[in-house]
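Shown next, in structure tokens, is the structure this report addresses.
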Amino acid sequence: MSKKVLLVRFSSAGDILLAAQLIRQLKKRGLIVHLLTKRKFMEAALAAGADRAIVYGTGEYAGLFRAAASLTAEKYDYCIDLHATLRSRLLTLAVKAPRRAFYFKHSVKRRFMVLFKWFMQDPAETVADRYIKTAAKVIDDMAPVRRRAKPVRGGAQKIIIHMGAKWANKRWPWFDELAVLLAGLPRTIVTVTGVKDEIENYEQMRYHKNKKIRDLAGKTDFTGLIREIGKSTLFIGNDTAAAHAAVMQGIPAVVFLGPTCSGFGFITDSDFHIIEKKGLLCRPCHLHGGGKCPIGSFECMKNITAAEAFSRIKALTGRE
């Protein structure tokens with residue numbers, strides 16, 4: 001009978017998708033993988049490859065101790081906390097499983113980066129790798145895989161531009177201009193996606209009457225978005241769950257970083273082609289992105305022009 005592992009990760013979609021590499025390794029070892037999360041992130045858990053997404057906070061899984069009793073009845077061989085909060089720790093301890101492991105967030109280190117700009121030169125270890133190292137504490141032969149950002153192939157391109165981001169400071173403001181520039185390239189189709197209330201310049205985008213730009217903003221659910229990304233040859237967007245969905249499916253991903261940085265471990269050079277304004281003493285300014293530039297200039301994003309990004313992307317696709 002196959003052994004079972006429970007992963008505890010309540011949120012958010014991007015963090016759950018980062019567990020895809022771990023889940024892939026677990027399943028290769030013949031383990032059945034369940035992931036405990038909140039209802040709104042159930043699709044992300046399944047997209048990451050979990051055999052079952054268990055919704056925490058409803059029915060028999062409502063409340064920490066009721067959930068622990070129900071999960072104990074599942075007879076897991078391993079229980080691994082990937083969330084690293086007091087609640088997730090207590091729940092993992094309360095679930096009766098022979099072996100448990102706990103993820104360490106490095107949140108103090110990230111706060112030092114934001115407040116004092118310390119540790120900025122440290123090599124960025126990805127969160128995905130740290131998930132795998134956490135599991136390796138209790139499961140043999142688990143190890144991060146050395147990798148480099150997926151190269152962008154030349155030739156015809158189906159480009160996804162995911163314009164939005166939950167945090168306003170993460171939204172690069174010139175996607176409408178970039179979409180038109182990219183659509184002007186031969187053998188290139190651009191598809192624009194995004195949650196409408198997370199897109200600042202959507203009004204400009206909808207007035208572009210260009211047959212080579214498909215407008216899917218606000219027209220897909222999470223699963224549909226992942227499907228569209230999987231059909232593309234190149235993803236371009238902000239630091240969001242959609243970017244992680246691209247890498248998870250082996251799609252080269254270009255990501256704009258502003259208030260956050262690669263040192264946080266979420267968007268790193270090992271997985272992404274990063275476009276950022278280096279040398280700004282104010283970066284990083286927020287753990288998650290923030291809603292307003294602390295110094296009011298928003299240089300980290302505004303000073304990356306559409307022409308500059310277009311030139312970089314053309315170079316990646318070998319069109320220069």
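Chain lettering (A, B, ...) mirrors the order of the structure tokens, residue numbering begins at 1 for each chain separately, and ligand numbering begins at 1 in order of display.
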
List every residue of region 23-69 of chain A that DSSP, applied to the backbone, labels as alpha helix (DSSP H), and write the result as an MDAnalysis selection string. chainID A and resid 23:28 42:47 64:69

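When the distance limit is 8 Å and only C-alpha atoms are what count, the residues near region 194-201 of chain A, minus those fewer than 4 positions from it on the same chain, are His162, Met163, Gly164, Ala165, Lys166, Trp167, Ala168, Arg171, Pro173, Trp174, Phe175, Asp176, Met205, Leu216, Ala217 and Gly218 of chain A.
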
Expected answer as JSON, numbers by chain: strand (DSSP E) residues in region 18-195 of chain A: {"A": [32, 33, 34, 35, 36, 37, 52, 53, 54, 55, 78, 79, 80, 81, 99, 100, 101, 102, 157, 158, 159, 160, 161, 162, 188, 189, 190, 191, 192, 193]}

If you take only C-alpha atoms and a cut-off of 12 Å, which residues of region 137-188 of chain A touch region 29-42 of chain A, and what are their nearest atom pairs and distances in Å to one decimal, in chain and number order, as CSV?
residue,atom,partner,partner_atom,distance
A:Ile139,CA,A:Arg29,CA,9.7
A:Asp140,CA,A:Arg29,CA,9.8
A:Asp141,CA,A:Arg29,CA,9.3
A:Met142,CA,A:Arg29,CA,9.5

Can you write just those residues out, N, CA and C atoms, as a PDB file, in the first residue's frame?
ATOM      1  N   ILE A 139      12.215  12.271   4.653  1.00  0.00           N
ATOM      2  CA  ILE A 139      12.085  11.361   3.509  1.00  0.00           C
ATOM      3  C   ILE A 139      13.436  11.270   2.819  1.00  0.00           C
ATOM      4  N   ASP A 140      13.926  10.066   2.629  1.00  0.00           N
ATOM      5  CA  ASP A 140      15.251   9.861   2.056  1.00  0.00           C
ATOM      6  C   ASP A 140      15.297  10.248   0.575  1.00  0.00           C
ATOM      7  N   ASP A 141      16.498  10.582   0.130  1.00  0.00           N
ATOM      8  CA  ASP A 141      16.798  10.832  -1.291  1.00  0.00           C
ATOM      9  C   ASP A 141      16.021  12.006  -1.879  1.00  0.00           C
ATOM     10  N   MET A 142      15.704  12.980  -1.054  1.00  0.00           N
ATOM     11  CA  MET A 142      15.074  14.211  -1.547  1.00  0.00           C
ATOM     12  C   MET A 142      16.151  15.280  -1.653  1.00  0.00           C
TER      13      MET A 142
END

Got a sec: who's within 12 Å of Arg100 (chain A), counting only C-alpha atoms, leaving out chain neighbours fewer than 4 positions off, as a ChimeraX atom specification? /A:5-8,76-82,89-96,134-139

Please determine, counting only C-alpha atoms, which residue among A:Ala68, A:Ala53, A:Leu181, A:Ile236 has the shortest atom-to-atom distance to Asn210 (chain A). A:Leu181

If I take CA of Asp269 (chain A) and CA of Lys105 (chain A), how far is one from the other in Å, to one decimal?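 CA of Lys105 (chain A) lies 19.6 Å from CA of Asp269 (chain A).
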
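Separating CA of Ile160 (chain A) from CA of Ala47 (chain A) is a distance of 18.4 Å.
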
By how many Å are CA of Lys170 (chain A) and CA of Gly49 (chain A) apart?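 Computing the Euclidean distance for CA of Lys170 (chain A) and CA of Gly49 (chain A) yields 27.2 Å.
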
Pick from A:Lys150, A:Arg87, A:Arg283, A:Arg319 nearest to Val247 (chain A), counting only C-alpha atoms: A:Lys150

Set the distance at 6 Å and use only C-alpha atoms: which residues neighbour Ala20 (chain A) once local chain neighbours fewer than 3 positions away are removed? I'd like the list as a CSV table (one decimal) with N, CA and C atoms, in the first residue's frame.
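New file out29.csv:
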chain,number,residue,atom,x,y,z
A,17,LEU,N,1.9,26.9,-5.6
A,17,LEU,CA,2.5,26.5,-6.9
A,17,LEU,C,4.0,26.2,-6.8
A,23,ILE,N,6.2,18.2,-4.8
A,23,ILE,CA,5.1,17.2,-5.1
A,23,ILE,C,5.5,16.3,-6.2
A,48,ALA,N,-0.8,22.3,-8.7
A,48,ALA,CA,0.6,22.0,-8.3
A,48,ALA,C,0.8,20.5,-8.3

From the options A:Lys158, A:Lys278, A:Arg24, A:Arg111, which residue's atoms come nearest to Pro252 (chain A), counting only C-alpha atoms?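 Using only C-alpha atoms, Pro252 (chain A) sits closest to A:Lys158.
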
Just the residues within 9 Å of Ala149 (chain A), please, counting only C-alpha atoms, with nothing from its chain fewer than 2 positions along; format it as a PyMOL selection string. chain A and resi 147+151+247+252-253+268-273

Keeping only N, CA and C atoms, write the selected residues to a file as a compact mmCIF listing (two decimals), in the first residue's frame.
# COMPACT_ATOMS: atom_id res chain seq x y z
N ARG A 147 19.23 23.92 -11.68
CA ARG A 147 18.54 24.30 -12.90
C ARG A 147 18.87 25.75 -13.26
N PRO A 151 15.37 28.58 -21.37
CA PRO A 151 15.67 29.48 -22.50
C PRO A 151 14.45 29.71 -23.37
N VAL A 247 6.49 28.75 -14.92
CA VAL A 247 7.69 27.95 -14.64
C VAL A 247 7.31 26.51 -14.32
N PRO A 252 9.21 29.50 -20.43
CA PRO A 252 10.12 30.59 -20.06
C PRO A 252 9.33 31.79 -19.56
N ALA A 253 9.81 32.41 -18.48
CA ALA A 253 9.05 33.50 -17.85
C ALA A 253 9.93 34.72 -17.61
N THR A 268 13.70 34.06 -8.69
CA THR A 268 15.16 34.05 -8.71
C THR A 268 15.67 33.75 -10.12
N ASP A 269 16.96 34.04 -10.33
CA ASP A 269 17.57 33.83 -11.64
C ASP A 269 17.60 32.37 -12.06
N SER A 270 17.49 31.46 -11.11
CA SER A 270 17.53 30.05 -11.46
C SER A 270 16.27 29.61 -12.19
N ASP A 271 15.19 30.36 -12.06
CA ASP A 271 13.93 29.99 -12.70
C ASP A 271 13.38 31.02 -13.66
N PHE A 272 13.76 32.29 -13.50
CA PHE A 272 13.12 33.38 -14.24
C PHE A 272 14.14 34.26 -14.95
N HIS A 273 13.68 34.93 -16.01
CA HIS A 273 14.43 36.01 -16.63
C HIS A 273 13.92 37.30 -15.98

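Comparing A:Cys293, A:Cys282, A:Val152, A:Ala97 by their smallest distance to Arg312 (chain A), the closest is A:Val152 (using only C-alpha atoms).
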
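Residues lying within 8 Å of Ala19 (chain A), counting only C-alpha atoms and ignoring same-chain neighbours fewer than 3 positions away, are Asp15, Ile16, Leu22, Ile23, Ala48, Ala128 and Tyr131 of chain A.
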
For the residues in the current selection, export N, CA and C atoms as a PDB file, in the first residue's frame.
ATOM      1  N   ASP A  15       2.661  30.610  -3.538  1.00  0.00           N
ATOM      2  CA  ASP A  15       3.424  29.770  -2.616  1.00  0.00           C
ATOM      3  C   ASP A  15       3.066  28.298  -2.781  1.00  0.00           C
ATOM      4  N   ILE A  16       1.810  28.029  -3.064  1.00  0.00           N
ATOM      5  CA  ILE A  16       1.375  26.646  -3.271  1.00  0.00           C
ATOM      6  C   ILE A  16       1.953  26.096  -4.567  1.00  0.00           C
ATOM      7  N   LEU A  22       8.407  19.922  -5.267  1.00  0.00           N
ATOM      8  CA  LEU A  22       8.394  18.962  -4.166  1.00  0.00           C
ATOM      9  C   LEU A  22       7.383  17.864  -4.430  1.00  0.00           C
ATOM     10  N   ILE A  23       6.177  18.239  -4.815  1.00  0.00           N
ATOM     11  CA  ILE A  23       5.116  17.250  -5.052  1.00  0.00           C
ATOM     12  C   ILE A  23       5.533  16.279  -6.153  1.00  0.00           C
ATOM     13  N   ALA A  48      -0.785  22.278  -8.706  1.00  0.00           N
ATOM     14  CA  ALA A  48       0.582  21.951  -8.292  1.00  0.00           C
ATOM     15  C   ALA A  48       0.850  20.459  -8.318  1.00  0.00           C
ATOM     16  N   ALA A 128      11.198  27.063  -3.398  1.00  0.00           N
ATOM     17  CA  ALA A 128      10.928  25.703  -3.869  1.00  0.00           C
ATOM     18  C   ALA A 128      12.002  24.733  -3.384  1.00  0.00           C
ATOM     19  N   TYR A 131      11.509  24.079   0.325  1.00  0.00           N
ATOM     20  CA  TYR A 131      10.434  23.104   0.541  1.00  0.00           C
ATOM     21  C   TYR A 131      10.990  21.677   0.448  1.00  0.00           C
TER      22      TYR A 131
END
